[in-house]
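Inspection log for the structure reproduced underneath, given as structure tokens.
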Amino acid sequence: MSHDRPLIALISATPLAIPPAEAAVSEAFGEVDIWNILDDRLMVDAEASGGLNPALVSRMESLIDVAVGHGADGVLLTCSLYGAVAAQRRGAVPVLAPDDAVFDDGIRSGARHLLLIASFEEALRDSVHRLREAADESGRSIRVSGVTAAGAKASATAGDLAALVDDLAAAVGSSAADPDAVVLAQYSLAPARKQLEQRLGRPVFAGPVSAAATLYRDIVRPESSPTLGVIADDYTGAIDVADALRAAGLRTLLLLGLEDPPTQLPECDAIVVALKTRSVPASEAVDCSLMTAAYLLHHGADQIYFKYCSTFDSTPAGNIGPVLDALSDRLEAGVVLTTPSSPRHGRTVDAGRLYVDGVLLEESHMARHPLNPMTDSLVPRLLAAQSRLPVHAIPLQTVRAGVDAVRAQIERLPRDEHALVVADATTDDDLATLAEAQSTSALIAGAAGLAFALGMQRTSRFTGAQGGGTFDGRACEHAAVFAGSCSASTLRQVARFREQGFPAFQLAAAPGMTADRMTGDALRWYASLPERSTPLFFSSVDSEELERVHEQFGAARVSELFEQSMARIAAGLRDRGVDRFVVAGGETSGAVVRGLGIAGGIVGERVDEGVAWLYATGPRPLALLLKSGNFGAPDLFVRATDPGRAWGAR
């Protein structure tokens, strides 16, 4: 690239293909120059001659030569009929066919059934044929079906996005298919991709988006290292695992959900996506996790890590087992190794039993968890109750025998069997052995302990891993604390904060109470405080009081009331100048993040084990400390709101 900004040439046969191609390239590259080359007789002449002939092939080759000869860093053909010309092109400048990248994304997504949508029959037949050929060449067993969207061509021509989304969604509904993912056959349909994906609740792939992302990787990041993709089942767990990966030396990006995922990502070695799927219905957790896996694979992930809580928070119905089953199936992972062991957090597994700070899980505070009470400590039994896959165990004796012994036990399982294997581990060395034994597996699962070991293993394998840079968040100086967890750790932190004289507002359920009223009361209280006060808003209570409140008002209603109120209070404080938020509890963290409208950020400095700052670098920088209810020292709130202690440093 001989100039400051890449020059991308788009060669089109119809003006309709230009806007979606331009939009995708601009979003993928950010700073970019686009050169449109339009020959609007390419399709007319091809139809008149009954398809491509040598003269038309030569004509397209000449247009490509013009683009490359005059400095284009990449060339994208937007007409699928001429894709074969790009396939024959070789040279230093990448020349992409319209559909190759989107077909590859669909296949790499792990979908077993791809539904292709076109706006007219001829395009559908051609695209289905080529997608089936690509699927066959991949060696994967993928069902490809197609459907024509009536009215989509007219809606696209008129630029009516709402009608186009309706047309495409109706086509999926009329197809009698239940696809894992959808592929849009034409560039003119691409503007509907995001809204259609939200409507369907499954991945939707579009040619210009996939092609632009491929060009970006080929031109801007041609030698980037493979990426570890992490799916976390709650927000604080995502912070925990992101902190572990950053500590292991991986440049780590954290995305808070995928409601409007970015297509252009900074160079990184790990992408952590925080979901809120720990306590939702299992089917919803599965759908969200599969969509996230597709997104991570699209952005270069060579391995997926499913991060769940180190106390194995779940019920007999899920969600750890169902998500693992679905990911294993989609990724064709075979045997999936997992362990909730995280010795640095006081979680260990011995003889299959999970210990929390040396106490069996069923005898710990988790036995009284308000959403997922854990009354059994035997992890293989817990997982088997949730999963349709066979569950095996690797004893500590085998782990201590080394990498080869672990691999040998896994290899003794039936070769055609998809299975889950729960491994014992009581030290970081045990986790390092497990990570090395499964370093190339498509899917691994566990808590932050195994993720750290995997990160260390990847740092030694890939030279691209250079450690995560941090964002300077010192400008975020006005702090507030939110606490919704009822764990013993959070209760101690709330008590210590209040003992130090900080003002506190308790959110309490009462007859007739609404989120609007609770928010109004809280913000009026805040307005009465001295300027630049550091307030605490908390709903945390001990287990006895929590049980009483749930019995009186209903657990679901109380949770919804507090989450809505926390989200609105956070937004109100942001509008009043607060820019540093300390939040305790997974559900509360999710609520505050939604209220602030934050999509993600850069993982920064560690405050306590599993607790690190997240710097959201939007129009107005914000600093967030999102922590699991169980994590952190009693003085965490005090330290994290004190600039004199470097915002939490010990």
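All residue names refer to the structure tokens as shown: chains lettered A, B, ... in order, residues numbered from 1 in each chain, ligands numbered from 1 in order.
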
Per DSSP on the backbone, filter stretch 186-379 of chain A down to the residues in strand (DSSP E or B) and report them as JSON, numbers by chain. {"A": [204, 205, 206, 227, 228, 229, 230, 231, 232, 252, 253, 254, 255, 256, 270, 271, 272, 273, 274, 301, 302, 303, 304, 305, 306, 307, 315, 318, 335, 336, 337, 338, 339, 342, 347, 348, 349, 350, 353, 354, 355, 356, 359, 360, 378]}

Residues within 8 Å of A:Leu228, only C-alpha atoms, excluding chain neighbours under 2 positions, as an MDAnalysis selection string: chainID A and resid 226 230 269:271 301:305

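Residue nearest A:Val241, chosen from A:Ser342, A:Thr78, A:Gln506, A:Ser49 and counting only C-alpha atoms: A:Ser342.
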
With distances taken over only C-alpha atoms, which residue among A:Ala28, A:Asp126, A:Thr339, A:Gln386 lies nearest A:Arg217? A:Ala28

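Comparing the minimum interatomic distances between A:Leu189 and each of A:Pro322, A:Gly237, A:Pro19, A:Gly449, counting only C-alpha atoms, we find that A:Pro19 sits nearest.
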
At a cut-off of 9 Å, using only C-alpha atoms, what residues contact A:Leu215? Leave out same-chain residues fewer than 3 positions from it and give the result as a ChimeraX atom specification. /A:8,25,28-29,74-76,94-96,210-212,218-220

With a distance cut-off of 8 Å and only C-alpha atoms, select the neighbouring residues of stretch 142-157 of chain A, excluding the residue or stretch itself and same-chain residues fewer than 3 positions from it, and output the selection as a PDB file with all heavy atoms, in the first residue's frame.
ATOM      1  N   LEU A  16     -27.287  -0.746  -8.637  1.00  0.00           N
ATOM      2  CA  LEU A  16     -27.878  -1.193  -7.377  1.00  0.00           C
ATOM      3  C   LEU A  16     -26.859  -1.844  -6.444  1.00  0.00           C
ATOM      4  O   LEU A  16     -27.028  -1.833  -5.224  1.00  0.00           O
ATOM      5  CB  LEU A  16     -29.006  -2.191  -7.648  1.00  0.00           C
ATOM      6  CG  LEU A  16     -30.340  -1.629  -8.131  1.00  0.00           C
ATOM      7  CD1 LEU A  16     -31.312  -2.768  -8.413  1.00  0.00           C
ATOM      8  CD2 LEU A  16     -30.924  -0.672  -7.099  1.00  0.00           C
ATOM      9  N   ILE A 107     -20.039 -21.387   5.527  1.00  0.00           N
ATOM     10  CA  ILE A 107     -19.529 -22.737   5.775  1.00  0.00           C
ATOM     11  C   ILE A 107     -18.740 -22.782   7.081  1.00  0.00           C
ATOM     12  O   ILE A 107     -18.896 -23.699   7.891  1.00  0.00           O
ATOM     13  CB  ILE A 107     -18.657 -23.191   4.587  1.00  0.00           C
ATOM     14  CG1 ILE A 107     -19.543 -23.387   3.340  1.00  0.00           C
ATOM     15  CG2 ILE A 107     -17.898 -24.465   4.916  1.00  0.00           C
ATOM     16  CD1 ILE A 107     -18.772 -23.506   2.052  1.00  0.00           C
ATOM     17  N   ALA A 111     -22.724 -23.950  10.546  1.00  0.00           N
ATOM     18  CA  ALA A 111     -24.132 -24.248  10.291  1.00  0.00           C
ATOM     19  C   ALA A 111     -24.265 -25.582   9.560  1.00  0.00           C
ATOM     20  O   ALA A 111     -23.514 -25.867   8.627  1.00  0.00           O
ATOM     21  CB  ALA A 111     -24.765 -23.135   9.467  1.00  0.00           C
ATOM     22  N   ARG A 112     -25.251 -26.372   9.978  1.00  0.00           N
ATOM     23  CA  ARG A 112     -25.534 -27.633   9.283  1.00  0.00           C
ATOM     24  C   ARG A 112     -26.538 -27.426   8.154  1.00  0.00           C
ATOM     25  O   ARG A 112     -26.619 -28.223   7.245  1.00  0.00           O
ATOM     26  CB  ARG A 112     -26.092 -28.657  10.278  1.00  0.00           C
ATOM     27  CG  ARG A 112     -25.094 -29.065  11.362  1.00  0.00           C
ATOM     28  CD  ARG A 112     -23.882 -29.757  10.771  1.00  0.00           C
ATOM     29  NE  ARG A 112     -22.971 -30.226  11.781  1.00  0.00           N
ATOM     30  CZ  ARG A 112     -23.043 -31.419  12.360  1.00  0.00           C
ATOM     31  NH1 ARG A 112     -24.013 -32.246  12.024  1.00  0.00           N
ATOM     32  NH2 ARG A 112     -22.173 -31.781  13.268  1.00  0.00           N
ATOM     33  N   HIS A 113     -27.315 -26.340   8.236  1.00  0.00           N
ATOM     34  CA  HIS A 113     -28.312 -26.045   7.210  1.00  0.00           C
ATOM     35  C   HIS A 113     -28.233 -24.561   6.876  1.00  0.00           C
ATOM     36  O   HIS A 113     -28.507 -23.707   7.720  1.00  0.00           O
ATOM     37  CB  HIS A 113     -29.716 -26.409   7.697  1.00  0.00           C
ATOM     38  CG  HIS A 113     -30.792 -26.125   6.692  1.00  0.00           C
ATOM     39  ND1 HIS A 113     -32.134 -26.201   6.997  1.00  0.00           N
ATOM     40  CD2 HIS A 113     -30.736 -25.755   5.388  1.00  0.00           C
ATOM     41  CE1 HIS A 113     -32.843 -25.896   5.922  1.00  0.00           C
ATOM     42  NE2 HIS A 113     -32.014 -25.612   4.940  1.00  0.00           N
ATOM     43  N   LEU A 114     -27.850 -24.238   5.636  1.00  0.00           N
ATOM     44  CA  LEU A 114     -27.789 -22.869   5.151  1.00  0.00           C
ATOM     45  C   LEU A 114     -28.952 -22.628   4.198  1.00  0.00           C
ATOM     46  O   LEU A 114     -29.172 -23.401   3.263  1.00  0.00           O
ATOM     47  CB  LEU A 114     -26.472 -22.611   4.416  1.00  0.00           C
ATOM     48  CG  LEU A 114     -25.189 -22.594   5.256  1.00  0.00           C
ATOM     49  CD1 LEU A 114     -23.965 -22.548   4.352  1.00  0.00           C
ATOM     50  CD2 LEU A 114     -25.186 -21.424   6.213  1.00  0.00           C
ATOM     51  N   LEU A 115     -29.681 -21.546   4.446  1.00  0.00           N
ATOM     52  CA  LEU A 115     -30.773 -21.151   3.551  1.00  0.00           C
ATOM     53  C   LEU A 115     -30.325 -19.930   2.764  1.00  0.00           C
ATOM     54  O   LEU A 115     -29.971 -18.900   3.346  1.00  0.00           O
ATOM     55  CB  LEU A 115     -32.036 -20.817   4.346  1.00  0.00           C
ATOM     56  CG  LEU A 115     -33.229 -20.316   3.506  1.00  0.00           C
ATOM     57  CD1 LEU A 115     -33.741 -21.421   2.584  1.00  0.00           C
ATOM     58  CD2 LEU A 115     -34.349 -19.811   4.412  1.00  0.00           C
ATOM     59  N   LEU A 116     -30.336 -20.041   1.449  1.00  0.00           N
ATOM     60  CA  LEU A 116     -29.920 -18.941   0.591  1.00  0.00           C
ATOM     61  C   LEU A 116     -31.152 -18.242   0.037  1.00  0.00           C
ATOM     62  O   LEU A 116     -32.085 -18.893  -0.437  1.00  0.00           O
ATOM     63  CB  LEU A 116     -29.035 -19.471  -0.539  1.00  0.00           C
ATOM     64  CG  LEU A 116     -28.284 -18.421  -1.346  1.00  0.00           C
ATOM     65  CD1 LEU A 116     -26.886 -18.917  -1.675  1.00  0.00           C
ATOM     66  CD2 LEU A 116     -29.031 -18.095  -2.625  1.00  0.00           C
ATOM     67  N   ILE A 117     -31.190 -16.898   0.105  1.00  0.00           N
ATOM     68  CA  ILE A 117     -32.334 -16.119  -0.363  1.00  0.00           C
ATOM     69  C   ILE A 117     -31.898 -15.247  -1.533  1.00  0.00           C
ATOM     70  O   ILE A 117     -30.878 -14.555  -1.463  1.00  0.00           O
ATOM     71  CB  ILE A 117     -32.905 -15.205   0.742  1.00  0.00           C
ATOM     72  CG1 ILE A 117     -33.161 -15.993   2.025  1.00  0.00           C
ATOM     73  CG2 ILE A 117     -34.185 -14.546   0.270  1.00  0.00           C
ATOM     74  CD1 ILE A 117     -33.670 -15.121   3.168  1.00  0.00           C
ATOM     75  N   ALA A 118     -32.683 -15.269  -2.607  1.00  0.00           N
ATOM     76  CA  ALA A 118     -32.445 -14.409  -3.772  1.00  0.00           C
ATOM     77  C   ALA A 118     -33.745 -13.706  -4.132  1.00  0.00           C
ATOM     78  O   ALA A 118     -34.836 -14.106  -3.706  1.00  0.00           O
ATOM     79  CB  ALA A 118     -31.940 -15.232  -4.950  1.00  0.00           C
ATOM     80  N   SER A 119     -33.615 -12.648  -4.935  1.00  0.00           N
ATOM     81  CA  SER A 119     -34.807 -11.879  -5.293  1.00  0.00           C
ATOM     82  C   SER A 119     -35.422 -12.327  -6.612  1.00  0.00           C
ATOM     83  O   SER A 119     -36.510 -11.879  -6.966  1.00  0.00           O
ATOM     84  CB  SER A 119     -34.474 -10.384  -5.369  1.00  0.00           C
ATOM     85  OG  SER A 119     -33.523 -10.139  -6.395  1.00  0.00           O
ATOM     86  N   PHE A 120     -34.722 -13.193  -7.375  1.00  0.00           N
ATOM     87  CA  PHE A 120     -35.327 -13.765  -8.575  1.00  0.00           C
ATOM     88  C   PHE A 120     -34.738 -15.149  -8.822  1.00  0.00           C
ATOM     89  O   PHE A 120     -33.643 -15.487  -8.343  1.00  0.00           O
ATOM     90  CB  PHE A 120     -35.164 -12.854  -9.802  1.00  0.00           C
ATOM     91  CG  PHE A 120     -33.737 -12.532 -10.178  1.00  0.00           C
ATOM     92  CD1 PHE A 120     -33.064 -13.275 -11.137  1.00  0.00           C
ATOM     93  CD2 PHE A 120     -33.081 -11.463  -9.581  1.00  0.00           C
ATOM     94  CE1 PHE A 120     -31.768 -12.965 -11.496  1.00  0.00           C
ATOM     95  CE2 PHE A 120     -31.785 -11.140  -9.927  1.00  0.00           C
ATOM     96  CZ  PHE A 120     -31.124 -11.896 -10.886  1.00  0.00           C
ATOM     97  N   GLU A 121     -35.472 -15.960  -9.572  1.00  0.00           N
ATOM     98  CA  GLU A 121     -35.208 -17.391  -9.667  1.00  0.00           C
ATOM     99  C   GLU A 121     -33.858 -17.720 -10.290  1.00  0.00           C
ATOM    100  O   GLU A 121     -33.157 -18.625  -9.835  1.00  0.00           O
ATOM    101  CB  GLU A 121     -36.331 -18.068 -10.465  1.00  0.00           C
ATOM    102  CG  GLU A 121     -36.302 -19.588 -10.418  1.00  0.00           C
ATOM    103  CD  GLU A 121     -36.503 -20.126  -9.005  1.00  0.00           C
ATOM    104  OE1 GLU A 121     -37.259 -19.504  -8.236  1.00  0.00           O
ATOM    105  OE2 GLU A 121     -35.888 -21.168  -8.680  1.00  0.00           O
ATOM    106  N   LEU A 124     -31.147 -17.345  -7.857  1.00  0.00           N
ATOM    107  CA  LEU A 124     -31.238 -18.368  -6.821  1.00  0.00           C
ATOM    108  C   LEU A 124     -30.616 -19.675  -7.293  1.00  0.00           C
ATOM    109  O   LEU A 124     -29.810 -20.283  -6.572  1.00  0.00           O
ATOM    110  CB  LEU A 124     -32.701 -18.589  -6.432  1.00  0.00           C
ATOM    111  CG  LEU A 124     -32.938 -19.634  -5.338  1.00  0.00           C
ATOM    112  CD1 LEU A 124     -32.359 -19.146  -4.009  1.00  0.00           C
ATOM    113  CD2 LEU A 124     -34.426 -19.934  -5.195  1.00  0.00           C
ATOM    114  N   VAL A 128     -27.349 -21.171  -5.388  1.00  0.00           N
ATOM    115  CA  VAL A 128     -27.492 -22.434  -4.662  1.00  0.00           C
ATOM    116  C   VAL A 128     -26.509 -23.463  -5.199  1.00  0.00           C
ATOM    117  O   VAL A 128     -25.851 -24.191  -4.431  1.00  0.00           O
ATOM    118  CB  VAL A 128     -28.941 -22.958  -4.746  1.00  0.00           C
ATOM    119  CG1 VAL A 128     -29.019 -24.413  -4.292  1.00  0.00           C
ATOM    120  CG2 VAL A 128     -29.871 -22.092  -3.893  1.00  0.00           C
ATOM    121  N   LEU A 131     -22.976 -22.502  -4.004  1.00  0.00           N
ATOM    122  CA  LEU A 131     -22.808 -22.701  -2.566  1.00  0.00           C
ATOM    123  C   LEU A 131     -22.714 -24.192  -2.245  1.00  0.00           C
ATOM    124  O   LEU A 131     -21.925 -24.603  -1.381  1.00  0.00           O
ATOM    125  CB  LEU A 131     -23.964 -22.052  -1.807  1.00  0.00           C
ATOM    126  CG  LEU A 131     -23.956 -22.193  -0.275  1.00  0.00           C
ATOM    127  CD1 LEU A 131     -22.626 -21.722   0.315  1.00  0.00           C
ATOM    128  CD2 LEU A 131     -25.121 -21.425   0.342  1.00  0.00           C
ATOM    129  N   ARG A 132     -23.489 -25.014  -2.923  1.00  0.00           N
ATOM    130  CA  ARG A 132     -23.394 -26.461  -2.702  1.00  0.00           C
ATOM    131  C   ARG A 132     -22.025 -26.989  -3.116  1.00  0.00           C
ATOM    132  O   ARG A 132     -21.444 -27.843  -2.432  1.00  0.00           O
ATOM    133  CB  ARG A 132     -24.503 -27.177  -3.477  1.00  0.00           C
ATOM    134  CG  ARG A 132     -25.875 -27.058  -2.802  1.00  0.00           C
ATOM    135  CD  ARG A 132     -26.976 -27.652  -3.645  1.00  0.00           C
ATOM    136  NE  ARG A 132     -28.261 -27.599  -2.930  1.00  0.00           N
ATOM    137  CZ  ARG A 132     -29.441 -27.720  -3.512  1.00  0.00           C
ATOM    138  NH1 ARG A 132     -29.523 -27.899  -4.829  1.00  0.00           N
ATOM    139  NH2 ARG A 132     -30.547 -27.653  -2.783  1.00  0.00           N
ATOM    140  N   ALA A 135     -19.631 -26.039  -0.394  1.00  0.00           N
ATOM    141  CA  ALA A 135     -19.838 -26.875   0.789  1.00  0.00           C
ATOM    142  C   ALA A 135     -19.237 -28.259   0.584  1.00  0.00           C
ATOM    143  O   ALA A 135     -18.597 -28.818   1.487  1.00  0.00           O
ATOM    144  CB  ALA A 135     -21.321 -26.972   1.106  1.00  0.00           C
ATOM    145  N   ASP A 136     -19.430 -28.825  -0.601  1.00  0.00           N
ATOM    146  CA  ASP A 136     -18.862 -30.141  -0.898  1.00  0.00           C
ATOM    147  C   ASP A 136     -17.337 -30.108  -0.839  1.00  0.00           C
ATOM    148  O   ASP A 136     -16.703 -31.024  -0.315  1.00  0.00           O
ATOM    149  CB  ASP A 136     -19.323 -30.615  -2.272  1.00  0.00           C
ATOM    150  CG  ASP A 136     -20.804 -30.968  -2.308  1.00  0.00           C
ATOM    151  OD1 ASP A 136     -21.389 -31.175  -1.228  1.00  0.00           O
ATOM    152  OD2 ASP A 136     -21.373 -31.026  -3.419  1.00  0.00           O
ATOM    153  N   ASP A 160     -36.552   0.811   0.046  1.00  0.00           N
ATOM    154  CA  ASP A 160     -37.456   0.682   1.190  1.00  0.00           C
ATOM    155  C   ASP A 160     -36.937  -0.439   2.098  1.00  0.00           C
ATOM    156  O   ASP A 160     -37.279  -1.614   1.924  1.00  0.00           O
ATOM    157  CB  ASP A 160     -38.870   0.375   0.701  1.00  0.00           C
ATOM    158  CG  ASP A 160     -39.908   0.458   1.818  1.00  0.00           C
ATOM    159  OD1 ASP A 160     -39.526   0.346   2.989  1.00  0.00           O
ATOM    160  OD2 ASP A 160     -41.104   0.616   1.499  1.00  0.00           O
ATOM    161  N   LEU A 161     -36.098  -0.065   3.096  1.00  0.00           N
ATOM    162  CA  LEU A 161     -35.439  -1.064   3.930  1.00  0.00           C
ATOM    163  C   LEU A 161     -36.434  -1.870   4.756  1.00  0.00           C
ATOM    164  O   LEU A 161     -36.309  -3.093   4.867  1.00  0.00           O
ATOM    165  CB  LEU A 161     -34.419  -0.384   4.848  1.00  0.00           C
ATOM    166  CG  LEU A 161     -33.650  -1.307   5.800  1.00  0.00           C
ATOM    167  CD1 LEU A 161     -32.898  -2.379   5.040  1.00  0.00           C
ATOM    168  CD2 LEU A 161     -32.693  -0.491   6.667  1.00  0.00           C
ATOM    169  N   ALA A 163     -39.554  -2.619   4.127  1.00  0.00           N
ATOM    170  CA  ALA A 163     -40.249  -3.576   3.264  1.00  0.00           C
ATOM    171  C   ALA A 163     -39.323  -4.710   2.861  1.00  0.00           C
ATOM    172  O   ALA A 163     -39.749  -5.874   2.774  1.00  0.00           O
ATOM    173  CB  ALA A 163     -40.792  -2.863   2.028  1.00  0.00           C
ATOM    174  N   LEU A 164     -38.043  -4.390   2.627  1.00  0.00           N
ATOM    175  CA  LEU A 164     -37.087  -5.424   2.236  1.00  0.00           C
ATOM    176  C   LEU A 164     -36.902  -6.440   3.360  1.00  0.00           C
ATOM    177  O   LEU A 164     -36.878  -7.654   3.111  1.00  0.00           O
ATOM    178  CB  LEU A 164     -35.752  -4.776   1.877  1.00  0.00           C
ATOM    179  CG  LEU A 164     -34.628  -5.725   1.434  1.00  0.00           C
ATOM    180  CD1 LEU A 164     -35.045  -6.546   0.214  1.00  0.00           C
ATOM    181  CD2 LEU A 164     -33.345  -4.940   1.142  1.00  0.00           C
ATOM    182  N   ASP A 167     -39.934  -8.614   3.403  1.00  0.00           N
ATOM    183  CA  ASP A 167     -39.940  -9.559   2.281  1.00  0.00           C
ATOM    184  C   ASP A 167     -39.025 -10.751   2.559  1.00  0.00           C
ATOM    185  O   ASP A 167     -39.394 -11.912   2.313  1.00  0.00           O
ATOM    186  CB  ASP A 167     -39.479  -8.861   0.997  1.00  0.00           C
ATOM    187  CG  ASP A 167     -40.451  -7.794   0.518  1.00  0.00           C
ATOM    188  OD1 ASP A 167     -41.651  -7.895   0.848  1.00  0.00           O
ATOM    189  OD2 ASP A 167     -40.007  -6.866  -0.187  1.00  0.00           O
ATOM    190  N   LEU A 168     -37.840 -10.473   3.074  1.00  0.00           N
ATOM    191  CA  LEU A 168     -36.878 -11.550   3.324  1.00  0.00           C
ATOM    192  C   LEU A 168     -37.325 -12.435   4.483  1.00  0.00           C
ATOM    193  O   LEU A 168     -37.208 -13.666   4.420  1.00  0.00           O
ATOM    194  CB  LEU A 168     -35.503 -10.955   3.609  1.00  0.00           C
ATOM    195  CG  LEU A 168     -34.875 -10.157   2.456  1.00  0.00           C
ATOM    196  CD1 LEU A 168     -33.576  -9.492   2.895  1.00  0.00           C
ATOM    197  CD2 LEU A 168     -34.615 -11.055   1.250  1.00  0.00           C
ATOM    198  N   ALA A 170     -40.397 -12.952   5.411  1.00  0.00           N
ATOM    199  CA  ALA A 170     -41.532 -13.736   4.923  1.00  0.00           C
ATOM    200  C   ALA A 170     -41.049 -14.913   4.079  1.00  0.00           C
ATOM    201  O   ALA A 170     -41.626 -16.008   4.138  1.00  0.00           O
ATOM    202  CB  ALA A 170     -42.471 -12.853   4.109  1.00  0.00           C
ATOM    203  N   ALA A 171     -39.980 -14.702   3.322  1.00  0.00           N
ATOM    204  CA  ALA A 171     -39.437 -15.785   2.498  1.00  0.00           C
ATOM    205  C   ALA A 171     -38.914 -16.913   3.370  1.00  0.00           C
ATOM    206  O   ALA A 171     -39.127 -18.097   3.080  1.00  0.00           O
ATOM    207  CB  ALA A 171     -38.329 -15.245   1.595  1.00  0.00           C
ATOM    208  N   VAL A 172     -38.234 -16.564   4.461  1.00  0.00           N
ATOM    209  CA  VAL A 172     -37.741 -17.597   5.377  1.00  0.00           C
ATOM    210  C   VAL A 172     -38.919 -18.349   5.994  1.00  0.00           C
ATOM    211  O   VAL A 172     -38.921 -19.578   6.072  1.00  0.00           O
ATOM    212  CB  VAL A 172     -36.863 -16.970   6.476  1.00  0.00           C
ATOM    213  CG1 VAL A 172     -36.451 -18.034   7.493  1.00  0.00           C
ATOM    214  CG2 VAL A 172     -35.630 -16.310   5.889  1.00  0.00           C
ATOM    215  N   SER A 175     -40.534 -20.917   3.637  1.00  0.00           N
ATOM    216  CA  SER A 175     -39.686 -21.951   3.042  1.00  0.00           C
ATOM    217  C   SER A 175     -39.848 -23.313   3.700  1.00  0.00           C
ATOM    218  O   SER A 175     -39.290 -24.293   3.206  1.00  0.00           O
ATOM    219  CB  SER A 175     -38.215 -21.530   3.136  1.00  0.00           C
ATOM    220  OG  SER A 175     -37.793 -21.529   4.491  1.00  0.00           O
ATOM    221  N   SER A 188     -27.727  -6.360  -3.578  1.00  0.00           N
ATOM    222  CA  SER A 188     -28.842  -5.433  -3.383  1.00  0.00           C
ATOM    223  C   SER A 188     -29.673  -5.772  -2.146  1.00  0.00           C
ATOM    224  O   SER A 188     -30.420  -4.933  -1.643  1.00  0.00           O
ATOM    225  CB  SER A 188     -29.746  -5.432  -4.620  1.00  0.00           C
ATOM    226  OG  SER A 188     -30.251  -6.740  -4.870  1.00  0.00           O
ATOM    227  N   LEU A 189     -29.544  -7.017  -1.605  1.00  0.00           N
ATOM    228  CA  LEU A 189     -30.281  -7.427  -0.411  1.00  0.00           C
ATOM    229  C   LEU A 189     -29.513  -7.135   0.874  1.00  0.00           C
ATOM    230  O   LEU A 189     -30.072  -7.211   1.964  1.00  0.00           O
ATOM    231  CB  LEU A 189     -30.593  -8.930  -0.476  1.00  0.00           C
ATOM    232  CG  LEU A 189     -31.299  -9.436  -1.734  1.00  0.00           C
ATOM    233  CD1 LEU A 189     -31.544 -10.940  -1.625  1.00  0.00           C
ATOM    234  CD2 LEU A 189     -32.594  -8.688  -1.966  1.00  0.00           C
TER     235      LEU A 189
END

Can you pull out every residue within 10 Å of stretch 408-424 of chain A, counting only C-alpha atoms, but drop anything in the same chain fewer than 4 positions away, and send it as number ranges by chain? A: 321, 324-325, 328-329, 332-341, 348-354, 379-380, 383-384, 387-400, 403-404, 430-431, 434, 437-438, 444-446

Please provide as a PyMOL selection string all residues within 12 Å of A:Ala67, with the sequence filter that same-chain residues fewer than 2 positions apart are discarded (counting only C-alpha atoms). chain A and resi 7-11+34-38+60-65+69-77+93-95

Selection near A:Cys79, 7 Å with only C-alpha atoms, sequence-local residues under 2 positions removed, as a ChimeraX atom specification: /A:12-13,77,81-83,98

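Distance-wise, atom CA of A:Gly585 and atom CA of A:Val494 end up 12.2 Å apart.
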